[in-house]
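The file my_file-v5.txt contains compact mmCIF, C-alpha atoms:
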```txt
# COMPACT_ATOMS: atom_id res chain seq x y z
CA MET A 1 5.72 -83.48 -19.78
CA LYS A 2 6.27 -79.73 -19.56
CA SER A 3 10.03 -80.13 -19.30
CA LEU A 4 10.07 -82.06 -22.59
CA LEU A 5 8.22 -79.37 -24.53
CA THR A 6 10.93 -76.80 -25.11
CA PRO A 7 11.97 -75.17 -28.39
CA GLU A 8 15.31 -76.97 -28.18
CA ASN A 9 13.56 -80.34 -27.88
CA THR A 10 10.83 -79.60 -30.41
CA LEU A 11 12.11 -77.60 -33.38
CA PRO A 12 13.94 -79.06 -36.39
CA GLU A 13 17.72 -79.02 -36.22
CA ASP A 14 17.78 -75.85 -38.36
CA GLY A 15 15.30 -74.13 -36.07
CA CYS A 16 12.85 -71.87 -37.86
CA ALA A 17 14.83 -71.69 -41.10
CA GLY A 18 12.01 -73.48 -42.93
CA THR A 19 8.34 -72.56 -43.24
CA LEU A 20 6.76 -74.03 -40.11
CA VAL A 21 3.01 -73.76 -39.63
CA GLY A 22 0.66 -75.12 -37.00
CA ARG A 23 -2.51 -74.54 -35.04
CA VAL A 24 -2.88 -72.90 -31.66
CA GLN A 25 -5.90 -72.81 -29.37
CA LEU A 26 -6.66 -69.22 -28.41
CA PRO A 27 -9.39 -68.09 -25.99
CA GLU A 28 -11.54 -67.12 -28.99
CA GLY A 29 -10.89 -70.36 -30.90
CA PRO A 30 -8.35 -72.25 -33.03
CA ALA A 31 -5.82 -70.19 -35.00
CA VAL A 32 -3.53 -71.08 -37.90
CA VAL A 33 -0.04 -69.91 -37.00
CA ALA A 34 3.46 -69.52 -38.38
CA ILE A 35 6.42 -70.31 -36.13
CA ARG A 36 9.33 -67.91 -36.37
CA GLY A 37 12.49 -67.43 -34.34
CA ASP A 38 11.03 -64.48 -32.46
CA GLY A 39 7.65 -66.00 -31.69
CA VAL A 40 4.41 -67.53 -32.92
CA TYR A 41 2.27 -65.47 -35.29
CA ASP A 42 -1.44 -65.68 -36.07
CA VAL A 43 -2.06 -65.93 -39.84
CA THR A 44 -5.73 -66.92 -39.52
CA ALA A 45 -6.80 -63.76 -41.37
CA GLU A 46 -5.13 -65.19 -44.50
CA ALA A 47 -6.08 -68.82 -43.89
CA PRO A 48 -8.82 -69.55 -41.33
CA THR A 49 -8.11 -73.29 -41.50
CA MET A 50 -5.03 -75.36 -42.22
CA SER A 51 -7.05 -76.97 -45.00
CA THR A 52 -7.45 -73.53 -46.59
CA LEU A 53 -3.74 -72.79 -46.32
CA LEU A 54 -2.59 -76.09 -47.79
CA ASP A 55 -5.03 -75.76 -50.68
CA ALA A 56 -3.60 -72.39 -51.74
CA ALA A 57 -1.74 -72.20 -55.04
CA ASP A 58 1.37 -71.23 -53.07
CA PRO A 59 1.03 -71.93 -49.33
CA VAL A 60 4.48 -70.51 -48.57
CA ALA A 61 3.58 -67.21 -50.24
CA VAL A 62 0.33 -67.06 -48.22
CA VAL A 63 2.30 -67.48 -45.00
CA ARG A 64 4.76 -64.77 -45.97
CA THR A 65 1.91 -62.41 -46.87
CA GLY A 66 0.15 -63.16 -43.61
CA LEU A 67 3.28 -62.53 -41.56
CA ALA A 68 3.42 -58.94 -42.85
CA THR A 69 0.36 -58.02 -40.75
CA ALA A 70 0.09 -60.95 -38.32
CA ASN A 71 -0.36 -60.53 -34.61
CA ARG A 72 2.32 -62.10 -32.45
CA ILE A 73 0.60 -64.57 -30.11
CA GLY A 74 3.56 -65.13 -27.82
CA ASP A 75 6.85 -66.90 -27.27
CA LEU A 76 7.25 -70.39 -28.69
CA ALA A 77 8.62 -71.60 -25.35
CA ASP A 78 5.56 -70.43 -23.41
CA ILE A 79 3.05 -71.90 -25.87
CA LEU A 80 4.88 -75.22 -25.98
CA ALA A 81 5.03 -75.42 -22.20
CA ASN A 82 1.29 -74.76 -22.00
CA SER A 83 0.70 -77.62 -24.43
CA ALA A 84 1.62 -80.20 -21.78
CA HIS A 85 -1.52 -82.15 -20.92
CA ASP A 86 -0.69 -82.01 -17.22
CA ALA A 87 0.22 -78.31 -17.08
CA ASN A 88 -2.31 -76.68 -19.41
CA ASP A 89 -3.87 -73.32 -18.58
CA PRO A 90 -6.90 -73.07 -20.91
CA SER A 91 -6.87 -69.27 -20.67
CA LYS A 92 -3.51 -69.18 -22.46
CA PRO A 93 -2.49 -70.39 -25.96
CA TRP A 94 -1.41 -73.98 -26.58
CA PHE A 95 -0.57 -76.06 -29.64
CA LEU A 96 -3.18 -78.26 -31.27
CA CYS A 97 -2.76 -80.93 -33.92
CA PRO A 98 -1.61 -78.96 -37.00
CA VAL A 99 -4.37 -80.34 -39.27
CA ASP A 100 -8.08 -79.69 -39.11
CA LEU A 101 -10.58 -80.41 -41.90
CA GLN A 102 -8.34 -82.81 -43.83
CA ALA A 103 -9.06 -86.53 -44.03
CA VAL A 104 -6.60 -88.52 -41.92
CA LYS A 105 -5.42 -91.45 -44.04
CA ALA A 106 -2.67 -94.00 -43.56
CA SER A 107 -0.75 -96.48 -45.65
CA GLY A 108 0.18 -99.82 -44.14
CA VAL A 109 2.85 -102.50 -44.53
CA THR A 110 5.14 -100.25 -46.57
CA PHE A 111 8.28 -101.55 -44.83
CA VAL A 112 9.50 -105.15 -44.72
CA ALA A 113 9.86 -105.22 -40.94
CA SER A 114 6.30 -104.07 -40.32
CA LEU A 115 5.05 -106.34 -43.11
CA LEU A 116 6.50 -109.37 -41.35
CA GLU A 117 5.04 -108.27 -38.02
CA ARG A 118 1.55 -107.87 -39.52
CA VAL A 119 1.77 -111.41 -40.91
CA ILE A 120 2.94 -112.62 -37.50
CA GLU A 121 -0.01 -110.93 -35.78
CA GLU A 122 -2.36 -112.62 -38.22
CA GLN A 123 -0.77 -116.06 -37.81
CA ALA A 124 -0.66 -115.70 -34.01
CA ARG A 125 -4.32 -114.60 -33.95
CA GLY A 126 -3.41 -111.63 -31.79
CA ASP A 127 -1.71 -113.73 -29.11
CA ALA A 128 1.64 -112.13 -28.23
CA GLY A 129 2.84 -115.36 -26.62
CA LYS A 130 2.77 -117.14 -29.97
CA ALA A 131 4.55 -114.39 -31.88
CA GLU A 132 8.14 -115.62 -31.60
CA ALA A 133 7.42 -119.10 -32.89
CA VAL A 134 5.45 -117.68 -35.82
CA ARG A 135 8.19 -115.14 -36.50
CA GLN A 136 10.80 -117.86 -36.87
CA THR A 137 8.54 -119.87 -39.17
CA MET A 138 8.01 -116.83 -41.39
CA ILE A 139 11.71 -115.97 -41.52
CA ASP A 140 12.55 -119.56 -42.47
CA ALA A 141 9.98 -119.39 -45.26
CA ILE A 142 10.58 -115.97 -46.80
CA GLY A 143 13.72 -114.54 -45.19
CA THR A 144 14.08 -111.03 -43.86
CA ASP A 145 15.08 -109.14 -47.00
CA LEU A 146 12.36 -108.30 -49.49
CA SER A 147 13.99 -105.00 -50.42
CA GLU A 148 14.71 -106.12 -53.98
CA ILE A 149 11.07 -106.95 -54.60
CA GLU A 150 9.23 -104.15 -56.38
CA PRO A 151 5.54 -104.21 -55.40
CA GLY A 152 3.37 -105.20 -58.35
CA SER A 153 6.29 -106.45 -60.47
CA GLU A 154 6.69 -109.81 -62.19
CA SER A 155 9.20 -110.86 -59.53
CA SER A 156 6.68 -110.10 -56.78
CA ALA A 157 4.05 -112.17 -58.62
CA ARG A 158 6.49 -115.10 -58.76
CA LEU A 159 7.23 -114.71 -55.05
CA LYS A 160 3.49 -114.73 -54.36
CA ASP A 161 3.13 -118.05 -56.19
CA LEU A 162 6.04 -119.49 -54.21
CA LEU A 163 4.63 -118.38 -50.87
CA ILE A 164 1.22 -119.81 -51.71
CA GLU A 165 2.93 -123.13 -52.40
CA LYS A 166 4.60 -122.92 -48.98
CA GLY A 167 1.31 -122.12 -47.32
CA VAL A 168 2.42 -118.78 -45.86
CA TRP A 169 0.59 -116.34 -48.11
CA SER A 170 -1.20 -113.53 -46.27
CA GLN A 171 -3.45 -110.58 -46.99
CA TYR A 172 -0.65 -108.41 -45.60
CA LEU A 173 1.83 -109.80 -48.10
CA GLU A 174 -0.74 -109.00 -50.78
CA VAL A 175 -0.61 -105.27 -50.01
CA GLY A 176 3.08 -105.41 -49.13
CA ILE A 177 4.35 -106.74 -52.45
CA GLY A 178 1.25 -106.68 -54.64
CA PRO A 179 0.25 -103.84 -57.01
CA ASP A 180 -2.19 -102.12 -54.63
CA ALA A 181 -1.09 -100.36 -51.46
CA GLU A 182 -3.08 -100.52 -48.24
CA ILE A 183 -4.70 -97.12 -47.70
CA PHE A 184 -7.08 -96.82 -44.76
CA THR A 185 -8.75 -94.15 -42.65
CA LYS A 186 -6.81 -93.62 -39.44
CA GLY A 187 -9.20 -91.16 -37.86
CA GLN A 188 -11.86 -88.58 -38.53
CA PRO A 189 -11.12 -84.93 -39.39
CA MET A 190 -10.50 -82.91 -36.22
CA SER A 191 -9.96 -86.03 -34.07
CA SER A 192 -6.15 -86.08 -34.00
CA LEU A 193 -4.06 -84.71 -31.14
CA GLY A 194 -0.94 -82.58 -31.08
CA THR A 195 2.31 -82.62 -29.17
CA GLY A 196 2.03 -82.71 -25.40
CA ALA A 197 -1.34 -84.44 -25.41
CA GLU A 198 -2.23 -87.85 -23.99
CA ILE A 199 -2.64 -90.59 -26.57
CA GLY A 200 -4.97 -93.51 -25.97
CA ILE A 201 -4.94 -97.29 -26.18
CA LEU A 202 -7.92 -99.46 -25.35
CA ALA A 203 -7.90 -100.59 -21.74
CA ALA A 204 -8.71 -104.13 -22.95
CA SER A 205 -5.64 -104.30 -25.19
CA THR A 206 -2.71 -106.37 -23.94
CA TRP A 207 -0.48 -106.15 -27.04
CA ASN A 208 0.05 -102.76 -28.65
CA ASN A 209 2.77 -100.37 -29.76
CA PRO A 210 3.54 -96.90 -31.10
CA GLU A 211 4.09 -96.46 -34.83
CA PRO A 212 6.40 -93.52 -35.64
CA GLU A 213 5.76 -92.23 -39.13
CA ILE A 214 6.24 -89.31 -41.47
CA VAL A 215 2.92 -87.78 -42.49
CA LEU A 216 2.50 -85.96 -45.80
CA ALA A 217 0.24 -82.92 -46.15
CA VAL A 218 -1.68 -83.15 -49.43
CA SER A 219 -3.97 -80.59 -51.07
CA SER A 220 -7.40 -81.37 -52.52
CA GLU A 221 -5.77 -81.52 -55.97
CA GLY A 222 -3.36 -84.24 -54.83
CA LYS A 223 -0.32 -81.98 -54.53
CA THR A 224 2.04 -82.81 -51.67
CA VAL A 225 2.89 -79.49 -50.01
CA GLY A 226 4.58 -80.41 -46.75
CA ALA A 227 5.25 -83.00 -44.07
CA THR A 228 5.06 -83.59 -40.35
CA LEU A 229 5.36 -86.47 -37.85
CA GLY A 230 2.72 -88.85 -36.56
CA ASN A 231 2.07 -91.70 -34.18
CA ASP A 232 -0.30 -94.29 -35.67
CA VAL A 233 -1.05 -95.92 -32.32
CA ASN A 234 -1.65 -99.62 -33.02
CA LEU A 235 -3.39 -102.42 -31.12
CA ARG A 236 -1.67 -105.58 -32.32
CA ASP A 237 -3.97 -107.97 -30.49
CA MET A 238 -7.10 -106.46 -32.02
CA GLU A 239 -5.88 -106.42 -35.62
CA GLY A 240 -4.23 -109.80 -35.18
CA ARG A 241 -7.56 -111.40 -34.25
CA SER A 242 -9.03 -110.21 -37.55
CA ALA A 243 -8.16 -107.61 -40.16
CA LEU A 244 -11.86 -106.71 -40.03
CA LEU A 245 -11.14 -105.25 -36.59
CA LEU A 246 -8.84 -102.64 -38.15
CA GLY A 247 -11.17 -99.83 -37.04
CA LYS A 248 -11.09 -101.10 -33.45
CA ALA A 249 -7.31 -101.44 -33.64
CA LYS A 250 -6.68 -98.02 -35.15
CA ASP A 251 -9.51 -95.52 -34.68
CA ASN A 252 -10.19 -94.91 -30.99
CA ASN A 253 -10.39 -91.82 -28.85
CA ALA A 254 -6.95 -90.14 -28.70
CA SER A 255 -5.36 -92.86 -30.86
CA CYS A 256 -3.73 -90.52 -33.39
CA SER A 257 -1.17 -87.79 -32.80
CA ILE A 258 0.31 -85.48 -35.44
CA GLY A 259 2.84 -82.67 -35.13
CA PRO A 260 4.43 -80.71 -33.74
CA PHE A 261 4.21 -78.52 -36.88
CA ILE A 262 3.84 -78.95 -40.63
CA ARG A 263 6.96 -78.01 -42.54
CA LEU A 264 5.91 -76.68 -45.93
CA PHE A 265 7.93 -77.52 -49.00
CA ASP A 266 10.17 -74.58 -49.88
CA ASP A 267 13.80 -74.01 -50.80
CA THR A 268 14.91 -75.50 -47.43
CA PHE A 269 12.83 -78.70 -47.46
CA GLY A 270 11.19 -80.96 -50.04
CA ILE A 271 10.16 -84.47 -50.97
CA GLU A 272 13.78 -85.63 -51.28
CA ASP A 273 14.25 -84.79 -47.61
CA VAL A 274 11.27 -87.02 -46.84
CA ARG A 275 12.74 -89.87 -48.89
CA LYS A 276 16.04 -89.62 -47.00
CA ALA A 277 14.63 -89.04 -43.52
CA GLU A 278 15.84 -91.02 -40.53
CA LEU A 279 13.28 -91.38 -37.75
CA ALA A 280 14.16 -92.05 -34.12
CA MET A 281 11.76 -93.05 -31.38
CA SER A 282 11.98 -93.59 -27.66
CA VAL A 283 9.54 -94.90 -25.07
CA GLU A 284 10.17 -93.95 -21.45
CA GLY A 285 8.08 -95.84 -18.90
CA ALA A 286 7.05 -94.52 -15.50
CA ASP A 287 8.64 -97.72 -14.16
CA GLY A 288 12.07 -96.77 -15.55
CA TYR A 289 11.69 -98.87 -18.69
CA ARG A 290 13.33 -97.43 -21.82
CA LEU A 291 13.01 -98.49 -25.45
CA THR A 292 14.75 -96.85 -28.38
CA GLY A 293 14.69 -97.51 -32.09
CA SER A 294 15.15 -95.92 -35.46
CA SER A 295 13.97 -96.34 -39.01
CA SER A 296 15.02 -95.04 -42.40
CA MET A 297 12.62 -93.87 -45.08
CA SER A 298 15.12 -95.17 -47.63
CA LYS A 299 13.83 -98.67 -46.84
CA ILE A 300 10.23 -97.94 -47.79
CA SER A 301 8.90 -100.33 -50.45
CA ARG A 302 6.80 -97.74 -52.29
CA ASP A 303 7.75 -94.17 -53.10
CA PRO A 304 5.88 -91.61 -50.95
CA LEU A 305 4.40 -89.90 -54.00
CA ASP A 306 3.18 -93.25 -55.35
CA LEU A 307 1.33 -93.74 -52.08
CA VAL A 308 -0.21 -90.28 -52.48
CA SER A 309 -1.34 -91.16 -56.00
CA GLN A 310 -3.02 -94.30 -54.65
CA ALA A 311 -4.76 -92.31 -51.92
CA ILE A 312 -6.20 -89.47 -54.03
CA GLY A 313 -7.10 -89.26 -57.71
CA LYS A 314 -9.95 -90.04 -60.07
CA ASN A 315 -11.29 -92.73 -57.74
CA HIS A 316 -10.81 -90.88 -54.42
CA GLN A 317 -11.45 -87.18 -53.89
CA TYR A 318 -10.87 -85.21 -50.71
CA PRO A 319 -12.19 -81.67 -51.19
CA ASP A 320 -10.64 -80.53 -47.90
CA GLY A 321 -7.32 -82.24 -48.61
CA LEU A 322 -5.76 -85.06 -46.63
CA VAL A 323 -2.78 -86.05 -44.57
CA LEU A 324 -1.20 -89.42 -45.27
CA PHE A 325 0.79 -91.54 -42.82
CA LEU A 326 3.51 -93.29 -44.84
CA GLY A 327 3.86 -96.40 -42.67
CA THR A 328 6.47 -97.54 -40.19
CA MET A 329 9.25 -100.11 -40.13
CA PHE A 330 9.47 -99.87 -36.36
CA ALA A 331 7.69 -102.78 -34.67
CA PRO A 332 9.21 -103.48 -31.21
CA VAL A 333 9.54 -107.20 -30.57
CA GLU A 334 11.76 -107.34 -27.50
CA ASP A 335 10.14 -108.59 -24.29
CA ARG A 336 9.13 -105.91 -21.82
CA GLU A 337 8.28 -108.30 -19.00
CA GLU A 338 7.76 -112.05 -19.24
CA PRO A 339 9.68 -113.98 -21.91
CA GLY A 340 7.82 -114.34 -25.18
CA ALA A 341 5.29 -111.61 -24.47
CA GLY A 342 7.02 -108.98 -26.58
CA PHE A 343 6.51 -105.26 -26.14
CA THR A 344 3.32 -103.53 -25.10
CA HIS A 345 2.55 -100.08 -23.74
CA LYS A 346 1.86 -99.24 -20.13
CA VAL A 347 -0.08 -96.22 -18.96
CA GLY A 348 2.39 -93.43 -18.31
CA ASP A 349 4.75 -94.25 -21.18
CA VAL A 350 6.15 -91.13 -22.82
CA VAL A 351 6.66 -91.56 -26.58
CA ARG A 352 9.01 -89.28 -28.48
CA ILE A 353 9.24 -89.38 -32.29
CA GLU A 354 11.80 -87.20 -34.03
CA THR A 355 13.70 -86.53 -37.23
CA PRO A 356 16.14 -83.66 -37.85
CA LYS A 357 14.11 -81.81 -40.49
CA LEU A 358 10.73 -82.03 -38.73
CA GLY A 359 11.53 -81.78 -35.03
CA ALA A 360 9.96 -83.92 -32.32
CA LEU A 361 6.46 -85.08 -31.39
CA VAL A 362 5.96 -86.06 -27.74
CA ASN A 363 2.93 -87.71 -26.11
CA ARG A 364 2.06 -89.64 -22.98
CA VAL A 365 0.10 -92.91 -23.06
CA THR A 366 -3.19 -93.35 -21.27
CA THR A 367 -6.29 -95.41 -22.07
CA SER A 368 -8.85 -94.12 -24.54
CA ASP A 369 -11.61 -94.01 -21.94
CA LYS A 370 -9.44 -91.88 -19.62
CA ALA A 371 -8.20 -89.46 -22.29
CA PRO A 372 -10.23 -86.26 -22.68
CA PRO A 373 -13.21 -87.03 -24.94
CA TRP A 374 -13.23 -85.57 -28.43
CA THR A 375 -15.94 -82.87 -28.47
CA PHE A 376 -14.73 -80.17 -30.89
CA GLY A 377 -15.50 -81.40 -34.39
CA THR A 378 -16.11 -79.91 -37.83
CA ARG A 379 -19.47 -78.35 -36.94
CA ALA A 380 -17.96 -76.70 -33.86
CA LEU A 381 -15.08 -75.30 -35.91
CA ILE A 382 -17.36 -73.83 -38.59
CA ARG A 383 -19.64 -72.32 -35.92
CA ASN A 384 -16.63 -70.80 -34.18
CA LEU A 385 -15.23 -69.33 -37.39
CA ALA A 386 -18.65 -67.88 -38.21
CA GLU A 387 -18.77 -66.14 -34.83
CA ARG A 388 -15.35 -64.64 -35.60
CA GLY A 389 -16.38 -63.50 -39.08
CA LEU A 390 -13.94 -65.83 -40.85
CA VAL A 391 -16.17 -68.37 -42.62
CA GLY A 392 -16.14 -66.41 -45.88
CA LYS A 393 -12.36 -66.81 -46.13
CA ILE A 394 -12.32 -70.62 -45.90
```

For this file, produce the structure as structure tokens.
Amino acid sequence: MKSLLTPENTLPEDGCAGTLVGRVQLPEGPAVVAIRGDGVYDVTAEAPTMSTLLDAADPVAVVRTGLATANRIGDLADILANSAHDANDPSKPWFLCPVDLQAVKASGVTFVASLLERVIEEQARGDAGKAEAVRQTMIDAIGTDLSEIEPGSESSARLKDLLIEKGVWSQYLEVGIGPDAEIFTKGQPMSSLGTGAEIGILAASTWNNPEPEIVLAVSSEGKTVGATLGNDVNLRDMEGRSALLLGKAKDNNASCSIGPFIRLFDDTFGIEDVRKAELAMSVEGADGYRLTGSSSMSKISRDPLDLVSQAIGKNHQYPDGLVLFLGTMFAPVEDREEPGAGFTHKVGDVVRIETPKLGALVNRVTTSDKAPPWTFGTRALIRNLAERGLVGKI
């Protein structure tokens, strides 16, 4: 893992030209940092938590002010290398997930490909061996191109009526082409992992996959202020058995990774870059297996800011802000082993998610019971900040 965590393999294609912020574990506790070409700088004195920074009237200005007096923690290369789960020296700095107190929310079935796969999971009742037959039935019934259907429109309502007549309507199609998006809680605040960490699947799961996504950083007032990458680790067999098992499919120890850094919106990067982003993903197995794929945000069925407006507003408040996974169109269906079984993770898989403007997020797969347990939560963070005299600045 250490060899994969280099500045060249991690930074955006334009390096540190944008405003990159993150979190680093120091011996005294977590620090909010800015990543520059000459090193990593501690701006905790200006913003003790990432939630505090993203809720500022002008987060970029806060970072620039903080950099004027910030302490340099060290070289980016050294801190990245120490972020490898299998080469970590706890006495030295390493990167954490770049979000802390924010709610971790996700939007589902926002791409046609993933929409179809969710319906297939449901119809197959979580049995990977039945997926291909169900997939062909669904394609025969509704085709593979729903890109012209605007969710919540009259045409989508007509399509709904048609699919009900054909007997292939699904709760996933409801949120895929209906007026209301699927917004769910991916994980608890402070539970997500950063680059270099081990991500977890349930040991009992036999059908699962990574979900590479762009993640928006949103203030408590609903303003989108930046973006990063995420892996919404998904257990297809669990959710396929019943949508009521969504929590078991999605929210397990080490089942969410975010990073490597948040890129704040400034004159080098904005929401249009998110709308145009091309994501690439690879899975490298310890057995020599390799899977690659890509997805384009241009194929999303709902605009990213519409998803934000459905996640936070008069009916949903998040006083510490939130991060929002935008959904994935990448659902691997090719067989990894026996015919008809499709893709599933194996322990030791290394997952890399990247896009030119946001860099690369890298994690290794283990099982949730073997991943380090989550022990540092909100109470621990507040206690730590109090000991450092920083609570008053939150």

* To do: For Leu202 (chain A), work out the shell of residues within 8 Å, counting all atoms listed in the file and skipping chain neighbours fewer than 4 positions away, then give it as a PyMOL selection string.
  => chain A and resi 235+252+367-369

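From CA of Leu326 (chain A) back to CA of Arg263 (chain A), the distance works out to 15.8 Å.
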
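Taking all atoms listed in the file, the non-local environment of Val323 (chain A) within 7 Å (same-chain residues fewer than 3 positions away omitted) comprises Gln102, Ala103, Val104, Lys105, Val215, Leu216, Ala217 and Val218 of chain A.
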
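You can rank A:Asp180, A:Glu239, A:Asp86, A:Asp349 by their closest distance to Tyr289 (chain A) using only C-alpha atoms, and at the top of that list sits A:Asp349.
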
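What separates CA of Glu46 (chain A) from CA of Ser257 (chain A) is a distance of 25.8 Å.
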
* Asked: How many Å separate CA of Asp14 (chain A) from CA of Ile271 (chain A)?
  -> 17.1 Å

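When all atoms listed in the file are used to compute distances to Asn88 (chain A), the closest of the residues A:Val33, A:Val40, A:Leu244, A:Ala197 turns out to be A:Ala197.
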
* Contact residues around region 22-25 of chain A with only C-alpha atoms at 7 Å, ignoring same-chain residues under 2 positions, as a ChimeraX atom specification -> /A:20,27,29-34,93-98,261-262

* Asked: Which is closer to Ala124 (chain A) than all the others in A:His345, A:Asp237, A:Glu278, A:Phe265, using only C-alpha atoms?
  -> A:Asp237

* Leaving out region 204-211 of chain A and any residue of its chain fewer than 3 positions from it, which residues lie within 7 Å of it when counting only C-alpha atoms, given as a list in words? -> Ala128, Asn231, Asp232, Val233, Asn234, Leu235, Arg236, Asp237, Thr328, Phe330, Thr344 and His345 of chain A

Can you spit out the residues from that selection as a short mmCIF file (atom, residue, chain, number, x, y, z; two decimals), in the frame of the given file, using C-alpha atoms?
```
data_model
loop_
_atom_site.label_atom_id
_atom_site.label_comp_id
_atom_site.auth_asym_id
_atom_site.auth_seq_id
_atom_site.Cartn_x
_atom_site.Cartn_y
_atom_site.Cartn_z
CA ALA A 128 1.64 -112.13 -28.23
CA ASN A 231 2.07 -91.70 -34.18
CA ASP A 232 -0.30 -94.29 -35.67
CA VAL A 233 -1.05 -95.92 -32.32
CA ASN A 234 -1.65 -99.62 -33.02
CA LEU A 235 -3.39 -102.42 -31.12
CA ARG A 236 -1.67 -105.58 -32.32
CA ASP A 237 -3.97 -107.97 -30.49
CA THR A 328 6.47 -97.54 -40.19
CA PHE A 330 9.47 -99.87 -36.36
CA THR A 344 3.32 -103.53 -25.10
CA HIS A 345 2.55 -100.08 -23.74
#
```

* To do: Find the residues around Ala254 (chain A) up to 12 Å (all atoms listed in the file counted), leave out those fewer than 4 positions away in its own chain, and share them as a ChimeraX atom specification.
  => /A:97,186-188,190-195,197-202,231-234,250,258,363-375

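With only C-alpha atoms as the basis for measurement, A:Leu358 is the residue among A:Leu358, A:Leu5, A:Val308, A:Ala341 that approaches Thr19 (chain A) most closely.
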